[in-house]
Amino acid sequence: MMAQSVQLAFRIAFTWALGFLIAVAVRALLPDHLGFTLTSSKTTLFIPFSRVGFWICMLAALTVTG
């Protein structure tokens, strides 16, 4: 049981680290004005690629634990 917990903790830490490294690399390579624009009938939401990297990291950590 302890070995499984340690393995899970290592997998989460590795996924987080990789996700943040990808987010930092994207932020360093791409300008701030590049990203996704989500539009609705009332408003427009711009999400830069650096923020997308953070949320992908969160999703990856949730996937690893599931």
# chains A, B, ... in the order shown; residues from 1 in each chain; ligands from 1
>>> select_by_dssp(residues="chain A", states="helix (DSSP H, G or I)", output="PyMOL selection string")
chain A and resi 2-29+49-65
>>> residues_around(residues="Ala60 of chain A", least_positions_apart="3", cutoff="10 Å", atoms="only C-alpha atoms", output="PyMOL selection string")
chain A and resi 12+15-16+18-19+54-57+63-66
>>> decode(residues="chain A", atoms="C-alpha atoms", output="PDB file, in the first residue's frame")
ATOM      1  CA  MET A   1       0.000   0.000   0.000  1.00  0.00           C
ATOM      2  CA  MET A   2       2.810   2.405   0.888  1.00  0.00           C
ATOM      3  CA  ALA A   3       4.623   1.620  -2.356  1.00  0.00           C
ATOM      4  CA  GLN A   4       1.497   2.469  -4.374  1.00  0.00           C
ATOM      5  CA  SER A   5       1.138   5.786  -2.530  1.00  0.00           C
ATOM      6  CA  VAL A   6       4.751   6.690  -3.183  1.00  0.00           C
ATOM      7  CA  GLN A   7       4.416   5.717  -6.842  1.00  0.00           C
ATOM      8  CA  LEU A   8       1.258   7.820  -7.203  1.00  0.00           C
ATOM      9  CA  ALA A   9       2.929  10.802  -5.524  1.00  0.00           C
ATOM     10  CA  PHE A  10       5.907  10.465  -7.866  1.00  0.00           C
ATOM     11  CA  ARG A  11       3.635  10.287 -10.934  1.00  0.00           C
ATOM     12  CA  ILE A  12       1.745  13.413  -9.838  1.00  0.00           C
ATOM     13  CA  ALA A  13       4.969  15.315  -9.140  1.00  0.00           C
ATOM     14  CA  PHE A  14       6.452  14.283 -12.487  1.00  0.00           C
ATOM     15  CA  THR A  15       3.278  15.311 -14.349  1.00  0.00           C
ATOM     16  CA  TRP A  16       3.165  18.682 -12.597  1.00  0.00           C
ATOM     17  CA  ALA A  17       6.838  19.355 -13.296  1.00  0.00           C
ATOM     18  CA  LEU A  18       6.511  18.447 -16.954  1.00  0.00           C
ATOM     19  CA  GLY A  19       3.387  20.567 -17.323  1.00  0.00           C
ATOM     20  CA  PHE A  20       5.029  23.596 -15.774  1.00  0.00           C
ATOM     21  CA  LEU A  21       8.139  23.156 -17.921  1.00  0.00           C
ATOM     22  CA  ILE A  22       5.936  23.098 -21.019  1.00  0.00           C
ATOM     23  CA  ALA A  23       4.077  26.200 -19.809  1.00  0.00           C
ATOM     24  CA  VAL A  24       7.355  28.057 -19.185  1.00  0.00           C
ATOM     25  CA  ALA A  25       8.732  27.060 -22.586  1.00  0.00           C
ATOM     26  CA  VAL A  26       5.551  28.202 -24.343  1.00  0.00           C
ATOM     27  CA  ARG A  27       5.594  31.510 -22.476  1.00  0.00           C
ATOM     28  CA  ALA A  28       9.251  32.055 -23.382  1.00  0.00           C
ATOM     29  CA  LEU A  29       8.818  31.210 -27.055  1.00  0.00           C
ATOM     30  CA  LEU A  30       5.456  32.753 -27.901  1.00  0.00           C
ATOM     31  CA  PRO A  31       4.329  36.359 -27.470  1.00  0.00           C
ATOM     32  CA  ASP A  32       1.588  37.176 -24.962  1.00  0.00           C
ATOM     33  CA  HIS A  33      -0.937  38.077 -27.627  1.00  0.00           C
ATOM     34  CA  LEU A  34      -1.164  34.522 -28.976  1.00  0.00           C
ATOM     35  CA  GLY A  35      -3.814  32.201 -27.622  1.00  0.00           C
ATOM     36  CA  PHE A  36      -7.416  31.092 -27.912  1.00  0.00           C
ATOM     37  CA  THR A  37     -10.363  33.453 -28.165  1.00  0.00           C
ATOM     38  CA  LEU A  38     -13.675  32.117 -26.934  1.00  0.00           C
ATOM     39  CA  THR A  39     -16.680  34.153 -27.978  1.00  0.00           C
ATOM     40  CA  SER A  40     -20.275  34.136 -26.872  1.00  0.00           C
ATOM     41  CA  SER A  41     -23.217  36.348 -27.697  1.00  0.00           C
ATOM     42  CA  LYS A  42     -22.376  38.785 -24.868  1.00  0.00           C
ATOM     43  CA  THR A  43     -18.639  38.658 -24.302  1.00  0.00           C
ATOM     44  CA  THR A  44     -15.263  37.540 -25.611  1.00  0.00           C
ATOM     45  CA  LEU A  45     -12.704  35.682 -23.499  1.00  0.00           C
ATOM     46  CA  PHE A  46      -9.037  35.564 -24.510  1.00  0.00           C
ATOM     47  CA  ILE A  47      -6.913  32.753 -23.022  1.00  0.00           C
ATOM     48  CA  PRO A  48      -3.150  33.047 -23.672  1.00  0.00           C
ATOM     49  CA  PHE A  49      -1.194  29.871 -24.345  1.00  0.00           C
ATOM     50  CA  SER A  50       0.700  30.189 -21.032  1.00  0.00           C
ATOM     51  CA  ARG A  51      -2.573  29.807 -19.113  1.00  0.00           C
ATOM     52  CA  VAL A  52      -3.599  26.892 -21.301  1.00  0.00           C
ATOM     53  CA  GLY A  53      -0.394  25.117 -20.239  1.00  0.00           C
ATOM     54  CA  PHE A  54      -1.313  25.529 -16.574  1.00  0.00           C
ATOM     55  CA  TRP A  55      -4.796  24.082 -17.035  1.00  0.00           C
ATOM     56  CA  ILE A  56      -3.441  21.184 -19.106  1.00  0.00           C
ATOM     57  CA  CYS A  57      -1.056  20.489 -16.222  1.00  0.00           C
ATOM     58  CA  MET A  58      -3.996  20.442 -13.808  1.00  0.00           C
ATOM     59  CA  LEU A  59      -5.969  18.126 -16.093  1.00  0.00           C
ATOM     60  CA  ALA A  60      -2.970  15.795 -16.432  1.00  0.00           C
ATOM     61  CA  ALA A  61      -2.595  15.590 -12.647  1.00  0.00           C
ATOM     62  CA  LEU A  62      -6.276  14.735 -12.285  1.00  0.00           C
ATOM     63  CA  THR A  63      -5.951  12.105 -14.998  1.00  0.00           C
ATOM     64  CA  VAL A  64      -2.969  10.487 -13.277  1.00  0.00           C
ATOM     65  CA  THR A  65      -4.859  10.185  -9.997  1.00  0.00           C
ATOM     66  CA  GLY A  66      -7.941   8.684 -11.681  1.00  0.00           C
TER      67      GLY A  66
END
